[in-house]
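This is input.txt (compact mmCIF, C-alpha atoms).
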# COMPACT_ATOMS: atom_id res chain seq x y z
CA MET G 1 -49.98 -164.91 -12.93
CA ILE G 2 -53.71 -164.14 -12.98
CA ASP G 3 -55.13 -162.00 -15.78
CA GLU G 4 -57.14 -158.95 -14.70
CA MET G 5 -59.31 -158.63 -17.84
CA ASP G 6 -61.22 -161.17 -19.88
CA PRO G 7 -59.98 -161.85 -23.44
CA MET G 8 -62.74 -159.86 -25.15
CA ASP G 9 -62.16 -156.69 -23.13
CA ARG G 10 -58.38 -157.06 -23.44
CA THR G 11 -58.51 -157.48 -27.21
CA MET G 12 -60.99 -154.66 -27.76
CA ALA G 13 -58.84 -152.30 -25.69
CA ALA G 14 -55.71 -153.19 -27.65
CA LEU G 15 -57.49 -152.79 -31.00
CA SER G 16 -58.68 -149.37 -29.81
CA HIS G 17 -55.01 -148.40 -29.34
CA LYS G 18 -55.25 -148.49 -25.58
CA GLU G 19 -53.11 -150.44 -23.13
CA PRO G 20 -55.08 -153.24 -21.42
CA ASP G 21 -53.76 -155.36 -18.53
CA ARG G 22 -51.40 -157.21 -20.88
CA VAL G 23 -50.70 -157.76 -24.56
CA PRO G 24 -53.38 -160.01 -26.11
CA VAL G 25 -52.14 -163.30 -27.57
CA PHE G 26 -53.84 -165.04 -30.48
CA MET G 27 -52.81 -168.69 -30.65
CA LEU G 28 -54.14 -169.68 -34.07
CA LEU G 29 -54.33 -173.41 -33.45
CA THR G 30 -56.12 -175.06 -36.36
CA MET G 31 -54.67 -178.57 -36.18
CA HIS G 32 -53.53 -179.09 -32.60
CA GLY G 33 -57.05 -180.04 -31.55
CA ALA G 34 -56.62 -183.32 -33.45
CA LYS G 35 -53.61 -184.09 -31.26
CA LEU G 36 -55.54 -183.18 -28.16
CA LEU G 37 -58.44 -185.47 -29.08
CA ASP G 38 -56.09 -188.15 -30.49
CA MET G 39 -57.70 -188.42 -33.89
CA PRO G 40 -56.67 -188.02 -37.56
CA LEU G 41 -56.78 -184.51 -38.98
CA ILE G 42 -59.36 -185.47 -41.60
CA LYS G 43 -61.79 -186.56 -38.89
CA TYR G 44 -61.11 -183.59 -36.64
CA LEU G 45 -61.21 -180.82 -39.24
CA ASN G 46 -64.50 -181.99 -40.72
CA SER G 47 -66.37 -181.97 -37.40
CA SER G 48 -67.67 -178.83 -35.73
CA GLU G 49 -68.33 -180.83 -32.58
CA HIS G 50 -64.69 -181.90 -32.30
CA MET G 51 -63.37 -178.45 -33.18
CA VAL G 52 -65.51 -176.67 -30.60
CA LYS G 53 -64.54 -179.13 -27.88
CA ALA G 54 -60.82 -178.86 -28.63
CA GLN G 55 -60.73 -175.09 -29.14
CA LEU G 56 -62.40 -174.46 -25.79
CA LYS G 57 -60.18 -176.97 -24.03
CA MET G 58 -56.96 -175.52 -25.53
CA ARG G 59 -57.98 -172.05 -24.43
CA ASP G 60 -58.50 -173.38 -20.92
CA MET G 61 -55.05 -174.99 -21.08
CA PHE G 62 -53.11 -171.95 -22.22
CA GLY G 63 -55.26 -168.90 -21.53
CA HIS G 64 -54.78 -167.25 -24.91
CA ASP G 65 -57.17 -164.60 -26.16
CA CYS G 66 -59.11 -165.98 -29.10
CA LEU G 67 -60.99 -168.96 -30.46
CA TYR G 68 -60.27 -169.81 -34.09
CA ALA G 69 -63.04 -171.15 -36.30
CA LEU G 70 -60.88 -171.95 -39.35
CA SER G 71 -60.86 -175.59 -40.40
CA TYR G 72 -58.83 -175.30 -43.60
CA ALA G 73 -58.54 -172.72 -46.36
CA ALA G 74 -59.37 -175.21 -49.10
CA ALA G 75 -62.86 -175.56 -47.62
CA GLU G 76 -63.85 -172.64 -49.84
CA VAL G 77 -62.66 -174.46 -52.95
CA LYS G 78 -64.57 -177.53 -51.78
CA ALA G 79 -67.70 -175.37 -51.64
CA PHE G 80 -67.08 -174.49 -55.30
CA GLY G 81 -67.06 -178.23 -56.08
CA GLY G 82 -63.30 -178.76 -55.91
CA GLU G 83 -61.22 -181.52 -54.37
CA VAL G 84 -59.35 -181.37 -51.07
CA MET G 85 -56.23 -183.38 -50.25
CA PHE G 86 -55.69 -184.33 -46.59
CA PHE G 87 -52.37 -185.10 -44.93
CA GLU G 88 -51.42 -186.76 -41.65
CA ASP G 89 -49.30 -183.92 -40.27
CA GLY G 90 -50.16 -180.71 -42.09
CA PRO G 91 -53.00 -178.56 -43.42
CA PRO G 92 -55.24 -179.84 -46.21
CA ASN G 93 -54.73 -178.35 -49.65
CA ALA G 94 -56.77 -177.88 -52.79
CA GLY G 95 -56.60 -180.70 -55.32
CA ARG G 96 -57.19 -180.57 -59.07
CA PRO G 97 -58.03 -176.97 -60.07
CA ILE G 98 -61.69 -176.32 -60.75
CA ILE G 99 -60.70 -173.81 -63.45
CA GLN G 100 -58.72 -175.68 -66.10
CA VAL G 101 -58.94 -172.99 -68.78
CA PRO G 102 -60.05 -169.36 -68.50
CA GLU G 103 -63.27 -170.13 -70.34
CA ASP G 104 -64.35 -172.24 -67.33
CA ILE G 105 -64.84 -168.97 -65.45
CA GLU G 106 -67.76 -168.09 -67.73
CA GLY G 107 -69.88 -170.90 -66.25
CA LEU G 108 -68.71 -170.51 -62.64
CA GLU G 109 -71.19 -169.46 -59.95
CA PRO G 110 -70.68 -168.59 -56.27
CA PRO G 111 -71.43 -171.58 -54.01
CA ASP G 112 -74.75 -171.88 -52.22
CA ILE G 113 -73.65 -171.56 -48.61
CA GLU G 114 -76.80 -173.14 -47.22
CA SER G 115 -76.23 -176.37 -49.17
CA SER G 116 -72.49 -176.63 -48.48
CA VAL G 117 -71.92 -179.20 -45.75
CA ARG G 118 -68.38 -177.97 -45.09
CA LEU G 119 -69.33 -174.30 -44.79
CA GLN G 120 -72.27 -175.13 -42.58
CA GLU G 121 -69.93 -177.03 -40.26
CA THR G 122 -67.84 -173.87 -39.93
CA LEU G 123 -70.92 -171.85 -39.01
CA LYS G 124 -71.78 -174.49 -36.39
CA THR G 125 -68.24 -174.16 -35.05
CA ILE G 126 -68.62 -170.39 -34.70
CA ARG G 127 -71.94 -170.73 -32.90
CA GLY G 128 -70.53 -173.37 -30.57
CA LEU G 129 -67.44 -171.31 -29.75
CA LYS G 130 -69.48 -168.20 -29.00
CA GLU G 131 -71.87 -170.13 -26.78
CA GLY G 132 -69.09 -172.08 -25.07
CA SER G 133 -67.15 -168.93 -24.20
CA ASN G 134 -70.20 -166.92 -23.09
CA GLY G 135 -69.14 -164.14 -25.42
CA LYS G 136 -66.05 -163.39 -23.31
CA VAL G 137 -63.50 -164.59 -25.89
CA PRO G 138 -63.19 -163.24 -29.45
CA VAL G 139 -64.26 -165.80 -32.06
CA ILE G 140 -62.28 -165.36 -35.27
CA GLY G 141 -63.73 -166.38 -38.63
CA VAL G 142 -61.82 -166.54 -41.91
CA VAL G 143 -62.39 -165.74 -45.57
CA MET G 144 -60.00 -165.98 -48.49
CA SER G 145 -59.91 -162.67 -50.35
CA PRO G 146 -61.45 -162.67 -53.84
CA PHE G 147 -57.99 -161.70 -55.13
CA SER G 148 -56.12 -164.61 -53.48
CA LEU G 149 -58.68 -167.42 -53.74
CA PRO G 150 -57.82 -168.09 -57.44
CA VAL G 151 -54.47 -169.60 -56.41
CA MET G 152 -56.50 -172.58 -55.16
CA GLN G 153 -59.14 -172.36 -57.88
CA MET G 154 -56.75 -172.54 -60.83
CA GLY G 155 -53.16 -172.84 -59.59
CA PHE G 156 -50.55 -170.12 -59.20
CA PRO G 157 -49.00 -170.08 -62.72
CA ALA G 158 -52.38 -170.06 -64.45
CA TYR G 159 -53.67 -167.32 -62.16
CA LEU G 160 -50.66 -165.08 -62.75
CA ASP G 161 -51.14 -165.53 -66.48
CA LEU G 162 -54.80 -164.53 -66.10
CA LEU G 163 -53.88 -161.56 -63.92
CA TYR G 164 -51.40 -160.14 -66.38
CA HIS G 165 -52.81 -161.18 -69.75
CA ASP G 166 -56.59 -161.77 -69.59
CA PRO G 167 -58.32 -158.77 -67.99
CA GLU G 168 -61.84 -159.78 -69.02
CA HIS G 169 -61.76 -163.24 -67.43
CA PHE G 170 -59.92 -161.77 -64.43
CA ARG G 171 -62.73 -159.26 -63.95
CA GLN G 172 -65.36 -162.01 -64.23
CA LEU G 173 -63.58 -164.17 -61.65
CA MET G 174 -63.19 -161.26 -59.23
CA ASP G 175 -66.91 -160.53 -59.47
CA ILE G 176 -67.80 -164.16 -58.71
CA ASN G 177 -65.33 -164.41 -55.85
CA GLN G 178 -66.29 -161.10 -54.33
CA ARG G 179 -69.98 -162.01 -54.23
CA PHE G 180 -69.08 -165.26 -52.48
CA CYS G 181 -66.59 -163.65 -50.09
CA VAL G 182 -69.06 -160.99 -48.93
CA GLU G 183 -71.87 -163.48 -48.37
CA TRP G 184 -69.57 -165.98 -46.64
CA ALA G 185 -68.04 -163.39 -44.31
CA ASN G 186 -71.44 -161.98 -43.39
CA CYS G 187 -72.78 -165.46 -42.66
CA GLN G 188 -69.91 -165.87 -40.19
CA PHE G 189 -70.73 -162.56 -38.53
CA GLU G 190 -74.37 -163.59 -38.25
CA ALA G 191 -73.28 -166.89 -36.66
CA GLY G 192 -71.37 -165.00 -33.97
CA ALA G 193 -67.87 -164.26 -35.25
CA THR G 194 -66.34 -161.27 -33.49
CA ALA G 195 -64.12 -160.50 -36.48
CA VAL G 196 -63.15 -162.11 -39.76
CA ALA G 197 -59.59 -162.55 -40.99
CA TYR G 198 -59.38 -161.46 -44.63
CA PHE G 199 -56.53 -163.58 -45.97
CA ASP G 200 -54.91 -161.91 -48.95
CA PRO G 201 -51.37 -163.27 -49.50
CA VAL G 202 -51.29 -162.52 -53.23
CA SER G 203 -51.58 -158.80 -52.43
CA SER G 204 -48.34 -158.97 -50.45
CA THR G 205 -45.29 -157.35 -51.99
CA THR G 206 -43.69 -160.78 -51.60
CA MET G 207 -45.99 -161.84 -54.44
CA ILE G 208 -46.68 -158.79 -56.62
CA THR G 209 -45.44 -155.22 -57.00
CA ARG G 210 -47.06 -152.32 -55.21
CA GLU G 211 -48.10 -150.94 -58.59
CA MET G 212 -49.97 -154.14 -59.40
CA TYR G 213 -51.55 -154.13 -55.93
CA LEU G 214 -52.81 -150.57 -56.42
CA ASP G 215 -54.48 -151.64 -59.68
CA THR G 216 -55.93 -154.93 -58.48
CA GLY G 217 -55.77 -156.20 -54.89
CA LEU G 218 -56.37 -152.80 -53.28
CA PRO G 219 -59.62 -151.80 -55.05
CA ILE G 220 -60.90 -155.35 -54.64
CA ALA G 221 -60.16 -155.24 -50.90
CA LYS G 222 -61.84 -151.84 -50.54
CA GLY G 223 -64.91 -153.00 -52.41
CA THR G 224 -65.18 -156.22 -50.43
CA ILE G 225 -64.45 -154.97 -46.92
CA SER G 226 -66.89 -152.08 -47.32
CA LYS G 227 -69.72 -154.61 -47.74
CA LEU G 228 -68.94 -156.64 -44.61
CA LYS G 229 -71.07 -156.40 -41.48
CA GLY G 230 -68.24 -156.54 -38.97
CA PRO G 231 -64.54 -155.82 -38.45
CA THR G 232 -61.77 -157.45 -40.45
CA ALA G 233 -58.10 -158.19 -39.96
CA THR G 234 -56.22 -158.30 -43.25
CA HIS G 235 -53.63 -161.07 -43.20
CA PHE G 236 -50.86 -161.64 -45.74
CA ALA G 237 -49.95 -165.15 -44.49
CA SER G 238 -46.22 -164.48 -43.93
CA GLY G 239 -45.98 -162.08 -46.89
CA ARG G 240 -44.44 -158.62 -46.64
CA CYS G 241 -46.65 -155.55 -46.39
CA LEU G 242 -44.52 -152.63 -45.13
CA ASN G 243 -44.42 -150.91 -48.53
CA ILE G 244 -48.20 -151.09 -48.92
CA LEU G 245 -49.19 -150.56 -45.29
CA ASP G 246 -50.46 -147.02 -45.88
CA ASP G 247 -52.61 -148.34 -48.73
CA VAL G 248 -53.92 -151.27 -46.66
CA MET G 249 -54.96 -148.87 -43.91
CA GLY G 250 -57.21 -147.19 -46.48
CA THR G 251 -59.29 -150.36 -47.00
CA GLY G 252 -61.15 -150.00 -43.71
CA THR G 253 -59.52 -153.01 -42.08
CA ALA G 254 -59.04 -152.87 -38.30
CA ALA G 255 -55.81 -154.85 -38.08
CA VAL G 256 -53.03 -156.28 -40.25
CA GLY G 257 -51.26 -159.62 -39.86
CA VAL G 258 -47.56 -158.92 -40.40
CA SER G 259 -44.57 -161.03 -41.43
CA SER G 260 -41.55 -162.12 -39.42
CA LEU G 261 -39.54 -161.06 -42.49
CA GLU G 262 -40.14 -157.39 -41.64
CA ASP G 263 -39.12 -155.17 -38.75
CA LEU G 264 -41.94 -154.71 -36.26
CA SER G 265 -40.48 -151.38 -35.16
CA LEU G 266 -40.91 -149.93 -38.66
CA LEU G 267 -44.39 -151.41 -39.00
CA LYS G 268 -45.39 -149.96 -35.64
CA SER G 269 -44.06 -146.50 -36.50
CA LYS G 270 -46.27 -146.46 -39.61
CA SER G 271 -49.37 -147.94 -38.01
CA ALA G 272 -49.42 -146.39 -34.52
CA GLY G 273 -52.87 -145.08 -33.69
CA LYS G 274 -54.20 -146.00 -37.15
CA VAL G 275 -54.37 -149.76 -37.49
CA SER G 276 -53.44 -152.60 -35.13
CA LEU G 277 -50.73 -155.16 -35.86
CA ILE G 278 -51.03 -158.92 -35.41
CA GLY G 279 -47.87 -161.00 -35.39
CA ASN G 280 -45.10 -161.62 -36.02
CA LEU G 281 -43.67 -164.83 -34.53
CA ASN G 282 -42.16 -167.21 -37.08
CA GLY G 283 -44.32 -170.34 -36.91
CA ILE G 284 -41.80 -172.52 -38.74
CA GLU G 285 -39.06 -171.58 -36.30
CA MET G 286 -41.40 -172.18 -33.35
CA ALA G 287 -41.11 -175.91 -34.01
CA ARG G 288 -37.43 -175.67 -32.98
CA TRP G 289 -37.74 -173.27 -30.06
CA ASP G 290 -36.53 -174.07 -26.57
CA HIS G 291 -37.75 -172.19 -23.51
CA GLN G 292 -35.05 -169.51 -23.78
CA ARG G 293 -35.69 -168.88 -27.47
CA ALA G 294 -39.45 -168.60 -26.95
CA GLU G 295 -39.01 -166.01 -24.22
CA MET G 296 -36.49 -164.02 -26.25
CA LYS G 297 -38.68 -163.82 -29.38
CA VAL G 298 -41.79 -162.88 -27.42
CA ARG G 299 -39.95 -160.19 -25.47
CA GLU G 300 -38.46 -158.82 -28.70
CA ALA G 301 -41.85 -158.55 -30.44
CA ILE G 302 -43.47 -156.89 -27.44
CA SER G 303 -40.62 -154.39 -27.08
CA LYS G 304 -40.99 -153.32 -30.71
CA ALA G 305 -44.75 -153.10 -31.11
CA ALA G 306 -46.74 -153.21 -27.88
CA LYS G 307 -46.31 -149.67 -26.53
CA GLY G 308 -49.57 -147.73 -26.66
CA GLY G 309 -51.66 -150.79 -27.53
CA GLY G 310 -52.56 -151.61 -31.11
CA PHE G 311 -50.69 -154.92 -30.98
CA VAL G 312 -51.74 -158.56 -30.72
CA LEU G 313 -48.99 -161.15 -30.35
CA SER G 314 -49.45 -164.09 -32.72
CA ASP G 315 -47.70 -166.17 -35.34
CA ASN G 316 -47.01 -164.51 -38.67
CA HIS G 317 -48.82 -166.93 -40.97
CA GLY G 318 -52.27 -167.29 -39.45
CA GLU G 319 -51.80 -170.93 -38.50
CA ILE G 320 -49.39 -172.51 -36.01
CA PRO G 321 -47.79 -175.58 -37.62
CA TYR G 322 -48.81 -179.03 -36.45
CA GLN G 323 -45.17 -179.72 -35.55
CA VAL G 324 -45.03 -177.02 -32.83
CA TYR G 325 -44.96 -178.75 -29.45
CA TRP G 326 -47.34 -178.04 -26.59
CA ASP G 327 -44.44 -176.79 -24.46
CA VAL G 328 -43.62 -174.08 -26.99
CA ILE G 329 -47.19 -172.81 -26.87
CA ARG G 330 -47.06 -172.77 -23.09
CA TRP G 331 -43.67 -171.02 -23.00
CA THR G 332 -44.94 -168.41 -25.45
CA MET G 333 -47.96 -167.64 -23.27
CA ASP G 334 -45.83 -167.53 -20.11
CA ALA G 335 -43.45 -165.07 -21.76
CA ALA G 336 -46.33 -162.89 -22.95
CA ARG G 337 -47.68 -162.67 -19.41
CA LYS G 338 -44.22 -161.92 -18.03
CA HIS G 339 -43.10 -159.30 -20.55
CA GLY G 340 -46.42 -158.05 -21.92
CA LYS G 341 -47.97 -156.69 -18.73
CA TYR G 342 -48.88 -153.01 -18.96
CA PRO G 343 -47.36 -150.62 -18.19
CA LEU G 344 -44.45 -152.22 -20.01
CA ASN G 345 -41.16 -152.55 -18.14
CA THR G 346 -38.89 -150.73 -20.57
CA THR G 347 -35.81 -151.56 -18.49
CA ASP G 348 -36.32 -155.23 -19.34
CA ARG G 349 -35.68 -154.83 -23.07
Can the structure in the file be given as structure tokens, please?
Amino acid sequence: MIDEMDPMDRTMAALSHKEPDRVPVFMLLTMHGAKLLDMPLIKYLNSSEHMVKAQLKMRDMFGHDCLYALSYAAAEVKAFGGEVMFFEDGPPNAGRPIIQVPEDIEGLEPPDIESSVRLQETLKTIRGLKEGSNGKVPVIGVVMSPFSLPVMQMGFPAYLDLLYHDPEHFRQLMDINQRFCVEWANCQFEAGATAVAYFDPVSSTTMITREMYLDTGLPIAKGTISKLKGPTATHFASGRCLNILDDVMGTGTAAVGVSSLEDLSLLKSKSAGKVSLIGNLNGIEMARWDHQRAEMKVREAISKAAKGGGFVLSDNHGEIPYQVYWDVIRWTMDAARKHGKYPLNTTDR
């Protein structure tokens, strides 16, 4: 089946709440390029040259609708001077927290992006992906929200304690992180990113109450997104957002990454014509899918959320696990082309 539109036009139409030729599909493949190039993750993820080569080749293989510039989330902690732990078959993670006690925040400064080797590699990746796709495929950058980054900077228990019991140090850390987030996102836009994913899992109602979000994560998101020089997609990395979706739409974000734990039909009814949805395939389950299961889950998602545009099919976490086989990716794309062609065949639901 031959696509009628290029990925950029298709995605822009969908995000404008119009129906393109078919539902766009974002395959957020951060680690699979290492498999493709037959090299360890640590070597692959630290090389813009390897990432550009693999991202472009995987898009040629599957025909999905974006190029993903994310290496690993902990790269931001590395820029702050922190440690990163690499694994053979999964995403890198932050090592020893750079904030051991709240008083460490008083001497913390935003990283210098120009002198960060890791961040500069990401900017090279973005430039290479834009050039290699001739601007016809959306290039997606990534930032960790100022509100969620502290999980890697100081560890979850210590951050929750700060959030609830130390408002002064919390405010100081948010100021530092917001200054970095804004500069880092805008550097990615300047390098050629079409949009930036604003990852904010701590704001999810899986993590905190709506009341706490209204007091903390929401005003921080509004203040940050308003300073960015391009569109954002707010992503909760598998966390729930239905009960705060109206609030999230008020941040100025263009799209929201939604969880497989929530009903797409309800999310669509709230968001239709207001904000686009990205999701919500369960990446963990994808590792066990056969052809029939892949087609069923894709058809189900499309039937619930694709009518009228405003929907991008993707995984629900923002990263397809390393353990998901090539065949599953191919089956997913085949099903999207079969069931996601507009106008949708409502008799096939």
- Task: Show which residues sit within 9 Å of Ser260 (chain G), as a list in words. Count all atoms listed in the file, and ignore same-chain residues fewer than 6 positions away.
- Result: Ser238, Gly239, Arg240, Gly279, Asn280, Leu281, Asn282, Asp315, Asn316 and His317 of chain G
- Item | Distance in Å - CA of Pro91 (chain G) versus CA of Asp65 (chain G) |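 These two atoms are separated by 22.6 Å.
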- Can you list, as a ChimeraX atom specification, every protein, DNA or RNA residue that comes within 12 Å of His32 (chain G) when you count all atoms listed in the file, leaving out same-chain residues fewer than 3 positions away? /G:27-29,35-41,44-45,50-51,53-55,57-59,68,71,89-91,319-326,329
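Non-sequential neighbours of Thr206 (chain G) (distance at most 8 Å, separation of 2 or more positions within a chain, all atoms listed in the file) are Val202, Ser204, Ile208, Thr209, Gly239, Arg240 and Cys241 of chain G.
The smallest atom-to-atom distance between Leu277 (chain G) and any of G:Ser203, G:Thr122, G:Gln153, G:Thr253, using all atoms listed in the file, is found for G:Thr253.
Here the question is which of G:Ile105, G:Met174, G:Ile42, G:Val23 gets nearest to Lys341 (chain G) using all atoms listed in the file, and that residue is G:Val23.
Among the candidate residues G:Glu300, G:Glu190, G:Asp112, G:Asp246, the one lying nearest to Asp263 (chain G) is G:Glu300, with distances computed using only C-alpha atoms.
With CA of Val77 (chain G) on one side and CA of Pro201 (chain G) on the other, the separation reads 16.3 Å.
Interatomic distance, CA of Pro157 (chain G) against CA of Leu119 (chain G): 27.4 Å.
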Taking all atoms of region 283-288 of chain G that the file lists, what box with edges along x, y and z, padded by 6 Å per side, do you get, with centre and edge lengths in Å to one decimal, as JSON?
{"center_x": -40.9, "center_y": -173.1, "center_z": -35.9, "size_x": 18.9, "size_y": 17.6, "size_z": 17.8}
- Task: Point out the residue among G:Gly257, G:Gly318, G:Gly217, G:Pro20 with the least atom-to-atom distance to Ser148 (chain G), counting only C-alpha atoms.
- Result: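 Going through G:Gly257, G:Gly318, G:Gly217, G:Pro20 one by one, the smallest distance to Ser148 (chain G) is for G:Gly217.
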- Message: I'd like the neighbourhood of Trp331 (chain G) as a list in words, where a residue qualifies if any of its atoms comes within 7 Å (using only C-alpha atoms), though same-chain residues fewer than 4 positions away should be ignored.
- Response: His291, Ala294, Glu295, Asp327 and Ala335 of chain G
Would you fill out region 64-85 of chain G with N, CA and C atoms and return it as a tab-separated table (two decimals), in the frame of the given file?
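result.tsv was written with the following content:
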chain	number	residue	atom	x	y	z
G	64	HIS	N	-54.95	-168.24	-23.85
G	64	HIS	CA	-54.78	-167.25	-24.91
G	64	HIS	C	-56.11	-166.53	-25.18
G	65	ASP	N	-56.09	-165.58	-26.10
G	65	ASP	CA	-57.17	-164.60	-26.16
G	65	ASP	C	-58.11	-164.69	-27.34
G	66	CYS	N	-58.14	-165.83	-28.02
G	66	CYS	CA	-59.11	-165.98	-29.10
G	66	CYS	C	-59.47	-167.44	-29.29
G	67	LEU	N	-60.57	-167.65	-30.00
G	67	LEU	CA	-60.99	-168.96	-30.46
G	67	LEU	C	-61.06	-168.89	-31.98
G	68	TYR	N	-60.48	-169.88	-32.64
G	68	TYR	CA	-60.27	-169.81	-34.09
G	68	TYR	C	-61.17	-170.81	-34.79
G	69	ALA	N	-62.03	-170.30	-35.65
G	69	ALA	CA	-63.04	-171.15	-36.30
G	69	ALA	C	-62.58	-171.76	-37.62
G	70	LEU	N	-61.36	-171.42	-38.07
G	70	LEU	CA	-60.88	-171.95	-39.35
G	70	LEU	C	-60.65	-173.45	-39.28
G	71	SER	N	-61.19	-174.17	-40.25
G	71	SER	CA	-60.86	-175.59	-40.40
G	71	SER	C	-59.69	-175.71	-41.36
G	72	TYR	N	-59.92	-175.33	-42.62
G	72	TYR	CA	-58.83	-175.30	-43.60
G	72	TYR	C	-59.25	-174.40	-44.75
G	73	ALA	N	-58.26	-173.71	-45.32
G	73	ALA	CA	-58.54	-172.72	-46.36
G	73	ALA	C	-59.22	-173.33	-47.58
G	74	ALA	N	-58.83	-174.56	-47.91
G	74	ALA	CA	-59.37	-175.21	-49.10
G	74	ALA	C	-60.85	-175.56	-48.97
G	75	ALA	N	-61.42	-175.33	-47.78
G	75	ALA	CA	-62.86	-175.56	-47.62
G	75	ALA	C	-63.66	-174.69	-48.59
G	76	GLU	N	-63.14	-173.51	-48.91
G	76	GLU	CA	-63.85	-172.64	-49.84
G	76	GLU	C	-63.84	-173.21	-51.26
G	77	VAL	N	-62.72	-173.81	-51.64
G	77	VAL	CA	-62.66	-174.46	-52.95
G	77	VAL	C	-63.59	-175.67	-52.98
G	78	LYS	N	-63.65	-176.39	-51.87
G	78	LYS	CA	-64.57	-177.53	-51.78
G	78	LYS	C	-66.01	-177.07	-51.99
G	79	ALA	N	-66.35	-175.90	-51.46
G	79	ALA	CA	-67.70	-175.37	-51.64
G	79	ALA	C	-67.99	-175.06	-53.10
G	80	PHE	N	-66.95	-174.73	-53.86
G	80	PHE	CA	-67.08	-174.49	-55.30
G	80	PHE	C	-67.15	-175.80	-56.09
G	81	GLY	N	-67.03	-176.94	-55.41
G	81	GLY	CA	-67.06	-178.23	-56.08
G	81	GLY	C	-65.70	-178.84	-56.31
G	82	GLY	N	-64.66	-178.26	-55.72
G	82	GLY	CA	-63.30	-178.76	-55.91
G	82	GLY	C	-62.93	-179.89	-54.97
G	83	GLU	N	-61.74	-180.43	-55.19
G	83	GLU	CA	-61.22	-181.52	-54.37
G	83	GLU	C	-60.33	-180.96	-53.26
G	84	VAL	N	-60.24	-181.72	-52.17
G	84	VAL	CA	-59.35	-181.37	-51.07
G	84	VAL	C	-58.48	-182.57	-50.74
G	85	MET	N	-57.18	-182.33	-50.61
G	85	MET	CA	-56.23	-183.38	-50.25
G	85	MET	C	-55.87	-183.24	-48.77
